[in-house]
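Below is the file model_15.cif, which contains mmCIF, C-alpha atoms.
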data_my_file
loop_
_atom_site.label_atom_id
_atom_site.label_comp_id
_atom_site.auth_asym_id
_atom_site.auth_seq_id
_atom_site.Cartn_x
_atom_site.Cartn_y
_atom_site.Cartn_z
CA MET A 1 -20.40 -26.09 -1.63
CA ILE A 2 -21.47 -27.47 1.69
CA GLU A 3 -18.76 -29.06 3.76
CA SER A 4 -19.77 -31.86 6.08
CA THR A 5 -19.54 -31.64 9.84
CA VAL A 6 -19.70 -35.42 10.22
CA GLU A 7 -16.83 -36.52 12.45
CA TYR A 8 -14.07 -38.77 11.28
CA LYS A 9 -14.52 -42.33 12.47
CA THR A 10 -11.26 -42.53 14.33
CA GLU A 11 -10.34 -43.86 17.72
CA GLU A 12 -9.02 -40.44 18.70
CA ALA A 13 -12.35 -38.81 17.90
CA SER A 14 -14.30 -41.29 19.98
CA GLU A 15 -12.01 -40.93 22.99
CA ASN A 16 -11.71 -37.14 22.97
CA SER A 17 -15.02 -36.02 21.49
CA PRO A 18 -16.11 -32.59 22.83
CA ASN A 19 -19.33 -32.35 24.77
CA ILE A 20 -22.62 -31.57 23.08
CA ILE A 21 -22.52 -27.84 23.85
CA ILE A 22 -19.06 -27.40 22.34
CA ARG A 23 -20.11 -29.39 19.28
CA PHE A 24 -23.24 -27.27 18.92
CA VAL A 25 -21.26 -24.02 19.08
CA ALA A 26 -18.63 -25.40 16.69
CA ASN A 27 -21.34 -26.35 14.20
CA ILE A 28 -22.97 -22.92 14.44
CA ILE A 29 -19.61 -21.22 13.77
CA SER A 30 -18.93 -23.57 10.87
CA TYR A 31 -22.24 -22.84 9.19
CA CYS A 32 -22.26 -19.08 9.87
CA PHE A 33 -18.79 -18.70 8.38
CA HIS A 34 -19.08 -21.34 5.69
CA PRO A 35 -16.71 -20.53 2.79
CA ILE A 36 -19.61 -20.09 0.37
CA PHE A 37 -20.72 -17.02 2.36
CA ILE A 38 -17.31 -15.34 2.63
CA PRO A 39 -17.56 -13.53 -0.75
CA PHE A 40 -20.78 -11.89 0.45
CA PHE A 41 -19.14 -10.69 3.69
CA ILE A 42 -16.18 -9.21 1.83
CA THR A 43 -18.30 -7.60 -0.88
CA TYR A 44 -20.59 -6.07 1.75
CA PHE A 45 -17.50 -4.73 3.53
CA LEU A 46 -16.17 -3.11 0.35
CA VAL A 47 -19.55 -1.72 -0.71
CA TYR A 48 -20.85 -0.34 2.57
CA ILE A 49 -17.94 -0.09 5.04
CA HIS A 50 -14.79 0.68 3.06
CA PRO A 51 -14.55 4.49 2.85
CA PHE A 52 -13.96 4.87 -0.89
CA ALA A 53 -13.96 1.49 -2.71
CA PHE A 54 -17.43 2.18 -4.13
CA THR A 55 -17.34 5.96 -4.15
CA GLY A 56 -19.53 7.26 -6.95
CA PHE A 57 -21.83 4.22 -7.04
CA SER A 58 -25.52 4.88 -6.59
CA SER A 59 -27.58 2.89 -4.11
CA SER A 60 -28.94 0.79 -6.96
CA GLY A 61 -25.42 0.20 -8.30
CA LYS A 62 -24.25 -1.01 -4.90
CA ALA A 63 -27.28 -3.28 -4.56
CA GLN A 64 -26.65 -4.65 -8.06
CA THR A 65 -23.09 -5.56 -7.06
CA ILE A 66 -24.36 -7.45 -4.02
CA ILE A 67 -26.91 -9.29 -6.17
CA ILE A 68 -24.25 -10.30 -8.73
CA VAL A 69 -22.11 -11.76 -5.96
CA ILE A 70 -25.01 -13.59 -4.31
CA LEU A 71 -26.12 -15.13 -7.60
CA ASN A 72 -22.77 -16.08 -9.12
CA LEU A 73 -20.64 -16.81 -6.07
CA ILE A 74 -23.23 -18.32 -3.72
CA LEU A 75 -26.53 -19.38 -5.27
CA TYR A 76 -25.30 -20.98 -8.51
CA PRO A 77 -22.50 -23.01 -6.85
CA LEU A 78 -25.02 -24.24 -4.25
CA LEU A 79 -27.53 -25.16 -6.94
CA SER A 80 -24.79 -27.02 -8.79
CA VAL A 81 -24.16 -29.20 -5.75
CA VAL A 82 -27.87 -29.92 -5.33
CA LEU A 83 -28.24 -30.83 -9.01
CA LEU A 84 -25.15 -33.03 -8.91
CA LYS A 85 -26.67 -34.92 -5.99
CA ALA A 86 -30.01 -35.19 -7.77
CA VAL A 87 -28.48 -36.80 -10.87
CA GLY A 88 -26.23 -39.06 -8.82
CA PHE A 89 -22.83 -37.58 -9.63
CA ILE A 90 -22.06 -37.08 -5.93
CA ASP A 91 -23.11 -39.12 -2.91
CA SER A 92 -23.90 -36.25 -0.56
CA ILE A 93 -24.49 -32.50 -0.73
CA PHE A 94 -22.15 -32.29 2.27
CA LEU A 95 -19.22 -33.34 0.06
CA LYS A 96 -17.90 -35.83 2.58
CA THR A 97 -15.26 -37.38 0.35
CA GLN A 98 -12.53 -36.13 -1.94
CA LYS A 99 -14.32 -37.75 -4.88
CA ASP A 100 -17.51 -35.80 -4.16
CA ARG A 101 -15.61 -32.53 -4.27
CA ILE A 102 -14.07 -32.81 -7.74
CA ILE A 103 -17.01 -31.66 -9.89
CA PRO A 104 -18.25 -29.01 -7.41
CA TYR A 105 -14.77 -27.45 -7.35
CA ILE A 106 -14.80 -27.28 -11.15
CA ALA A 107 -18.34 -25.89 -11.28
CA ALA A 108 -17.61 -23.26 -8.64
CA GLY A 109 -14.41 -22.30 -10.45
CA ILE A 110 -16.40 -21.63 -13.63
CA PHE A 111 -18.79 -19.31 -11.80
CA PHE A 112 -15.91 -17.58 -10.03
CA PHE A 113 -14.05 -16.96 -13.30
CA TRP A 114 -17.22 -15.74 -15.00
CA THR A 115 -17.81 -13.21 -12.21
CA TYR A 116 -14.19 -12.08 -12.40
CA THR A 117 -14.63 -11.52 -16.15
CA VAL A 118 -17.77 -9.44 -15.57
CA PHE A 119 -16.08 -7.22 -13.00
CA LYS A 120 -12.91 -6.96 -15.09
CA GLN A 121 -14.76 -5.82 -18.21
CA GLN A 122 -16.88 -3.31 -16.30
CA THR A 123 -14.10 -0.87 -15.43
CA ALA A 124 -16.34 1.03 -13.01
CA TYR A 125 -15.95 -1.77 -10.48
CA PRO A 126 -13.02 -1.25 -8.09
CA THR A 127 -9.91 -3.33 -8.69
CA LEU A 128 -10.07 -4.46 -5.06
CA LEU A 129 -13.25 -6.45 -5.72
CA THR A 130 -12.03 -7.78 -9.07
CA SER A 131 -8.79 -8.89 -7.45
CA TYR A 132 -10.61 -10.70 -4.65
CA VAL A 133 -12.82 -12.61 -7.09
CA LEU A 134 -9.78 -13.61 -9.15
CA GLY A 135 -8.21 -14.79 -5.91
CA ILE A 136 -11.10 -17.08 -5.05
CA PHE A 137 -10.97 -18.50 -8.58
CA PHE A 138 -7.29 -19.29 -7.96
CA ALA A 139 -8.27 -20.73 -4.56
CA SER A 140 -10.85 -23.08 -6.07
CA SER A 141 -8.24 -24.23 -8.58
CA GLY A 142 -5.71 -24.76 -5.79
CA ALA A 143 -8.29 -26.68 -3.77
CA LEU A 144 -9.00 -28.91 -6.78
CA LEU A 145 -5.32 -29.76 -7.11
CA ALA A 146 -4.85 -30.27 -3.36
CA ASN A 147 -7.92 -32.51 -3.31
CA ILE A 148 -5.97 -35.08 -5.34
CA TYR A 149 -3.77 -35.74 -2.32
CA PHE A 150 -5.82 -34.89 0.76
CA LYS A 151 -9.15 -33.40 1.88
CA VAL A 152 -8.07 -29.80 2.32
CA SER A 153 -10.42 -27.72 4.46
CA MET A 154 -12.69 -25.47 2.42
CA HIS A 155 -13.44 -23.49 5.58
CA ALA A 156 -9.74 -22.81 6.06
CA ILE A 157 -9.35 -21.78 2.41
CA GLY A 158 -12.26 -19.36 2.74
CA MET A 159 -10.92 -17.84 5.94
CA GLY A 160 -7.39 -17.75 4.53
CA GLY A 161 -8.70 -15.79 1.56
CA TRP A 162 -10.53 -13.38 3.84
CA LEU A 163 -7.44 -12.94 5.99
CA GLY A 164 -5.17 -12.56 2.97
CA PHE A 165 -7.43 -9.92 1.43
CA PHE A 166 -7.55 -7.89 4.64
CA LEU A 167 -3.76 -8.13 4.94
CA ILE A 168 -3.56 -6.65 1.44
CA LEU A 169 -5.87 -3.80 2.46
CA PHE A 170 -3.72 -3.27 5.54
CA TYR A 171 -0.53 -3.17 3.43
CA TYR A 172 -1.94 -0.64 0.96
CA ASN A 173 -3.27 1.46 3.86
CA SER A 174 -6.54 2.05 2.03
CA MET A 175 -8.32 2.51 5.36
CA GLN A 176 -7.79 1.97 9.08
CA MET A 177 -7.66 -1.83 9.06
CA THR A 178 -6.60 -2.57 12.63
CA TRP A 179 -10.00 -3.59 13.99
CA PRO A 180 -11.23 -5.40 10.85
CA LEU A 181 -7.98 -7.38 10.64
CA CYS A 182 -8.10 -8.31 14.34
CA LEU A 183 -11.73 -9.39 13.95
CA VAL A 184 -10.96 -11.61 10.97
CA LEU A 185 -7.99 -13.13 12.81
CA LEU A 186 -10.33 -13.99 15.67
CA ILE A 187 -12.96 -15.47 13.34
CA THR A 188 -10.29 -17.48 11.51
CA GLY A 189 -9.12 -18.97 14.79
CA LEU A 190 -12.68 -19.82 15.84
CA VAL A 191 -13.59 -21.42 12.50
CA CYS A 192 -10.41 -23.49 12.22
CA THR A 193 -10.63 -24.58 15.84
CA SER A 194 -14.26 -25.61 15.25
CA ARG A 195 -13.25 -27.79 12.31
CA LEU A 196 -10.66 -29.52 14.49
CA LEU A 197 -13.06 -29.96 17.41
CA LEU A 198 -15.60 -31.58 15.09
CA TYR A 199 -12.93 -33.99 13.80
CA VAL A 200 -13.75 -33.24 10.17
CA HIS A 201 -10.16 -32.20 9.44
CA ASN A 202 -6.68 -32.66 10.80
CA PRO A 203 -4.15 -29.83 11.33
CA LYS A 204 -2.54 -30.42 7.93
CA ASP A 205 -5.88 -29.86 6.17
CA ILE A 206 -6.36 -26.62 8.12
CA TYR A 207 -2.88 -25.17 7.68
CA MET A 208 -2.75 -25.97 3.98
CA GLY A 209 -6.20 -24.45 3.49
CA ILE A 210 -5.17 -21.18 5.15
CA LEU A 211 -1.97 -21.12 3.10
CA ILE A 212 -3.87 -21.65 -0.17
CA GLY A 213 -6.34 -18.90 0.71
CA ILE A 214 -3.66 -16.35 1.55
CA LEU A 215 -1.32 -17.14 -1.35
CA THR A 216 -4.05 -17.05 -3.97
CA GLN A 217 -5.13 -13.58 -2.83
CA LEU A 218 -1.53 -12.40 -2.97
CA ALA A 219 -1.17 -13.87 -6.47
CA ALA A 220 -4.32 -12.10 -7.68
CA THR A 221 -3.11 -8.80 -6.23
CA PHE A 222 0.27 -9.22 -7.91
CA ILE A 223 -1.44 -9.77 -11.28
CA LEU A 224 -3.95 -6.90 -11.13
CA PHE A 225 -2.07 -4.18 -9.22
#
Would you give me this structure, written as structure tokens?
Amino acid sequence: MIESTVEYKTEEASENSPNIIIRFVANIISYCFHPIFIPFFITYFLVYIHPFAFTGFSSSGKAQTIIIVILNLILYPLLSVVLLKAVGFIDSIFLKTQKDRIIPYIAAGIFFFWTYTVFKQQTAYPTLLTSYVLGIFFASSGALLANIYFKVSMHAIGMGGWLGFFLILFYYNSMQMTWPLCLVLLITGLVCTSRLLLYVHNPKDIYMGILIGILTQLAATFILF
């Protein structure tokens, strides 16, 4: 799901708009750390950086895991948005309005739950990864409900989920998480600040998004651990 970086048409935005360089940097950060890419970053971390999450997996098994995530958690949700635009169910692939986001949230949730089911049934996959995928399914469901009332930030939900997952790793002391956690805190601040500077969200949208992301990861951990 591609979230728009088109600024709100408000008087405040026109009076306090950041200069072109700041907007350019904010857009780059927003696209590099778009929520659709977060599952890939976390899966890559678990597969290739975490010391024992994928112990015993062959190189082909690790690559297969990455491919499953790319297909089910990134490519198919993106294709769904493109197809929805092509058939006229949404006005823009950038999902500018709350109405545009309803069907993409549902479609993404289906793919997220399917991937969770695959990892859950294949007991060889670490519970850490299965728990994270369940968490993002919960997050998409929470975003769908929140979308009824306001345009919650998908970027903030994605970063909140990333932050929440790393806090869980830190709590269980599965590896030295000081530097990864500090890095994700920094990225979260940069991404959320970028969304505010671009006037695509207000603070409420950001804070609620982070809260949804963190709480859904905690809920998934509580269920599976």
Original post:
Got a sec to resolve the PyMOL selection byres ((chain A and resi 213) around 9) on this structure and send the residues as a PyMOL selection string?
Top reply: chain A and resi 135-136+138-139+142+156-164+208-212+214-218
**OP:** Give me, please, the distance in Å between atom CA of Ile70 of chain A and atom CA of Leu84 of chain A, quoted to one decimal.
**Re:** 20.0 Å
**OP:** Could you expand the PyMOL selection byres ((chain A and resi 21-35) around 9) into the explicit residues it covers here, written as a ChimeraX atom specification?
**Re:** /A:1-3,5,17-20,36-39,154-159,187,190-195,197-198
Original post:
Nearest to Leu75 of chain A among A:Ile102, A:Ala108, A:Leu134, A:Val87, with distances taken over all atoms listed in the file: which residue is it?
Top reply: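 Of the candidates, the smallest distance to Leu75 of chain A is held by A:Ala108.
Among the candidate residues A:Lys62, A:Lys151, A:His50, A:Lys120, the one lying nearest to Val200 of chain A is A:Lys151, with distances computed using all atoms listed in the file.
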What would the file be for segment 33-81 of chain A if you keep N, CA and C atoms and write it as an mmCIF file, in the first residue's frame?
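The file below, result-v1.cif, is the result:
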data_model
loop_
_atom_site.group_PDB
_atom_site.id
_atom_site.type_symbol
_atom_site.label_atom_id
_atom_site.label_comp_id
_atom_site.auth_asym_id
_atom_site.auth_seq_id
_atom_site.Cartn_x
_atom_site.Cartn_y
_atom_site.Cartn_z
ATOM 1 N N PHE A 33 11.558 3.962 3.874
ATOM 2 C CA PHE A 33 11.024 3.233 5.028
ATOM 3 C C PHE A 33 9.502 3.179 4.974
ATOM 4 N N HIS A 34 8.997 2.969 3.756
ATOM 5 C CA HIS A 34 7.557 2.788 3.596
ATOM 6 C C HIS A 34 7.140 1.526 4.340
ATOM 7 N N PRO A 35 5.952 1.516 4.953
ATOM 8 C CA PRO A 35 5.540 0.354 5.757
ATOM 9 C C PRO A 35 5.497 -0.951 4.987
ATOM 10 N N ILE A 36 5.313 -0.903 3.683
ATOM 11 C CA ILE A 36 5.254 -2.140 2.902
ATOM 12 C C ILE A 36 6.599 -2.847 2.870
ATOM 13 N N PHE A 37 7.695 -2.089 3.112
ATOM 14 C CA PHE A 37 9.033 -2.686 3.071
ATOM 15 C C PHE A 37 9.519 -3.172 4.440
ATOM 16 N N ILE A 38 8.852 -2.769 5.506
ATOM 17 C CA ILE A 38 9.308 -3.108 6.856
ATOM 18 C C ILE A 38 9.395 -4.617 7.082
ATOM 19 N N PRO A 39 8.400 -5.420 6.628
ATOM 20 C CA PRO A 39 8.535 -6.871 6.822
ATOM 21 C C PRO A 39 9.804 -7.454 6.207
ATOM 22 N N PHE A 40 10.226 -6.901 5.065
ATOM 23 C CA PHE A 40 11.476 -7.384 4.460
ATOM 24 C C PHE A 40 12.662 -7.063 5.354
ATOM 25 N N PHE A 41 12.719 -5.834 5.887
ATOM 26 C CA PHE A 41 13.846 -5.443 6.745
ATOM 27 C C PHE A 41 13.932 -6.359 7.962
ATOM 28 N N ILE A 42 12.785 -6.623 8.582
ATOM 29 C CA ILE A 42 12.779 -7.436 9.802
ATOM 30 C C ILE A 42 13.126 -8.887 9.481
ATOM 31 N N THR A 43 12.570 -9.414 8.395
ATOM 32 C CA THR A 43 12.884 -10.792 8.017
ATOM 33 C C THR A 43 14.367 -10.943 7.699
ATOM 34 N N TYR A 44 14.924 -9.994 6.969
ATOM 35 C CA TYR A 44 16.354 -10.026 6.656
ATOM 36 C C TYR A 44 17.171 -10.008 7.949
ATOM 37 N N PHE A 45 16.745 -9.191 8.905
ATOM 38 C CA PHE A 45 17.442 -9.117 10.191
ATOM 39 C C PHE A 45 17.430 -10.476 10.886
ATOM 40 N N LEU A 46 16.260 -11.124 10.934
ATOM 41 C CA LEU A 46 16.149 -12.412 11.608
ATOM 42 C C LEU A 46 16.944 -13.493 10.880
ATOM 43 N N VAL A 47 16.910 -13.461 9.552
ATOM 44 C CA VAL A 47 17.542 -14.515 8.762
ATOM 45 C C VAL A 47 19.066 -14.398 8.767
ATOM 46 N N TYR A 48 19.574 -13.182 8.598
ATOM 47 C CA TYR A 48 21.008 -13.031 8.353
ATOM 48 C C TYR A 48 21.787 -12.326 9.472
ATOM 49 N N ILE A 49 21.101 -11.670 10.400
ATOM 50 C CA ILE A 49 21.816 -10.930 11.445
ATOM 51 C C ILE A 49 21.607 -11.539 12.828
ATOM 52 N N HIS A 50 20.367 -11.921 13.142
ATOM 53 C CA HIS A 50 20.101 -12.542 14.436
ATOM 54 C C HIS A 50 20.962 -13.801 14.578
ATOM 55 N N PRO A 51 21.593 -13.995 15.742
ATOM 56 C CA PRO A 51 22.586 -15.072 15.868
ATOM 57 C C PRO A 51 22.033 -16.487 15.763
ATOM 58 N N PHE A 52 20.774 -16.719 16.148
ATOM 59 C CA PHE A 52 20.310 -18.106 16.119
ATOM 60 C C PHE A 52 18.865 -18.296 15.669
ATOM 61 N N ALA A 53 18.180 -17.241 15.229
ATOM 62 C CA ALA A 53 16.777 -17.379 14.823
ATOM 63 C C ALA A 53 16.619 -18.397 13.701
ATOM 64 N N PHE A 54 17.553 -18.410 12.756
ATOM 65 C CA PHE A 54 17.472 -19.330 11.622
ATOM 66 C C PHE A 54 18.626 -20.331 11.619
ATOM 67 N N THR A 55 19.075 -20.685 12.802
ATOM 68 C CA THR A 55 20.099 -21.713 12.925
ATOM 69 C C THR A 55 19.566 -23.031 12.362
ATOM 70 N N GLY A 56 20.370 -23.685 11.550
ATOM 71 C CA GLY A 56 19.949 -24.953 10.975
ATOM 72 C C GLY A 56 19.344 -24.834 9.591
ATOM 73 N N PHE A 57 19.008 -23.615 9.167
ATOM 74 C CA PHE A 57 18.476 -23.398 7.826
ATOM 75 C C PHE A 57 19.617 -23.351 6.822
ATOM 76 N N SER A 58 19.425 -23.990 5.695
ATOM 77 C CA SER A 58 20.404 -23.916 4.614
ATOM 78 C C SER A 58 20.299 -22.565 3.922
ATOM 79 N N SER A 59 21.252 -22.278 3.064
ATOM 80 C CA SER A 59 21.219 -21.019 2.319
ATOM 81 C C SER A 59 19.967 -20.928 1.458
ATOM 82 N N SER A 60 19.578 -22.060 0.863
ATOM 83 C CA SER A 60 18.368 -22.054 0.040
ATOM 84 C C SER A 60 17.118 -21.876 0.894
ATOM 85 N N GLY A 61 17.120 -22.454 2.108
ATOM 86 C CA GLY A 61 15.983 -22.282 3.008
ATOM 87 C C GLY A 61 15.826 -20.843 3.456
ATOM 88 N N LYS A 62 16.932 -20.172 3.723
ATOM 89 C CA LYS A 62 16.894 -18.763 4.103
ATOM 90 C C LYS A 62 16.396 -17.908 2.936
ATOM 91 N N ALA A 63 16.907 -18.200 1.743
ATOM 92 C CA ALA A 63 16.471 -17.451 0.558
ATOM 93 C C ALA A 63 14.982 -17.669 0.295
ATOM 94 N N GLN A 64 14.517 -18.894 0.516
ATOM 95 C CA GLN A 64 13.095 -19.192 0.318
ATOM 96 C C GLN A 64 12.229 -18.377 1.273
ATOM 97 N N THR A 65 12.691 -18.220 2.499
ATOM 98 C CA THR A 65 11.955 -17.412 3.482
ATOM 99 C C THR A 65 11.838 -15.972 3.010
ATOM 100 N N ILE A 66 12.941 -15.419 2.529
ATOM 101 C CA ILE A 66 12.933 -14.048 2.021
ATOM 102 C C ILE A 66 11.967 -13.923 0.847
ATOM 103 N N ILE A 67 11.963 -14.896 -0.042
ATOM 104 C CA ILE A 67 11.084 -14.856 -1.212
ATOM 105 C C ILE A 67 9.621 -14.913 -0.794
ATOM 106 N N ILE A 68 9.298 -15.770 0.183
ATOM 107 C CA ILE A 68 7.914 -15.857 0.677
ATOM 108 C C ILE A 68 7.450 -14.504 1.206
ATOM 109 N N VAL A 69 8.300 -13.851 1.964
ATOM 110 C CA VAL A 69 7.947 -12.543 2.530
ATOM 111 C C VAL A 69 7.781 -11.500 1.436
ATOM 112 N N ILE A 70 8.705 -11.478 0.483
ATOM 113 C CA ILE A 70 8.615 -10.492 -0.600
ATOM 114 C C ILE A 70 7.332 -10.673 -1.405
ATOM 115 N N LEU A 71 6.998 -11.917 -1.711
ATOM 116 C CA LEU A 71 5.805 -12.179 -2.516
ATOM 117 C C LEU A 71 4.515 -11.862 -1.761
ATOM 118 N N ASN A 72 4.373 -12.417 -0.559
ATOM 119 C CA ASN A 72 3.105 -12.343 0.158
ATOM 120 C C ASN A 72 2.891 -11.053 0.936
ATOM 121 N N LEU A 73 3.973 -10.462 1.423
ATOM 122 C CA LEU A 73 3.832 -9.276 2.268
ATOM 123 C C LEU A 73 4.150 -7.975 1.544
ATOM 124 N N ILE A 74 4.731 -8.059 0.358
ATOM 125 C CA ILE A 74 5.076 -6.841 -0.385
ATOM 126 C C ILE A 74 4.443 -6.830 -1.770
ATOM 127 N N LEU A 75 4.823 -7.802 -2.603
ATOM 128 C CA LEU A 75 4.398 -7.773 -4.010
ATOM 129 C C LEU A 75 2.884 -7.900 -4.171
ATOM 130 N N TYR A 76 2.269 -8.890 -3.555
ATOM 131 C CA TYR A 76 0.834 -9.102 -3.736
ATOM 132 C C TYR A 76 -0.013 -7.941 -3.195
ATOM 133 N N PRO A 77 0.299 -7.394 -2.006
ATOM 134 C CA PRO A 77 -0.453 -6.203 -1.573
ATOM 135 C C PRO A 77 -0.304 -5.027 -2.532
ATOM 136 N N LEU A 78 0.917 -4.830 -3.076
ATOM 137 C CA LEU A 78 1.121 -3.747 -4.040
ATOM 138 C C LEU A 78 0.325 -3.983 -5.321
ATOM 139 N N LEU A 79 0.343 -5.218 -5.805
ATOM 140 C CA LEU A 79 -0.430 -5.544 -6.998
ATOM 141 C C LEU A 79 -1.920 -5.354 -6.761
ATOM 142 N N SER A 80 -2.368 -5.644 -5.559
ATOM 143 C CA SER A 80 -3.786 -5.448 -5.232
ATOM 144 C C SER A 80 -4.181 -3.988 -5.376
ATOM 145 N N VAL A 81 -3.318 -3.095 -4.895
ATOM 146 C CA VAL A 81 -3.601 -1.668 -5.004
ATOM 147 C C VAL A 81 -3.653 -1.230 -6.462
#
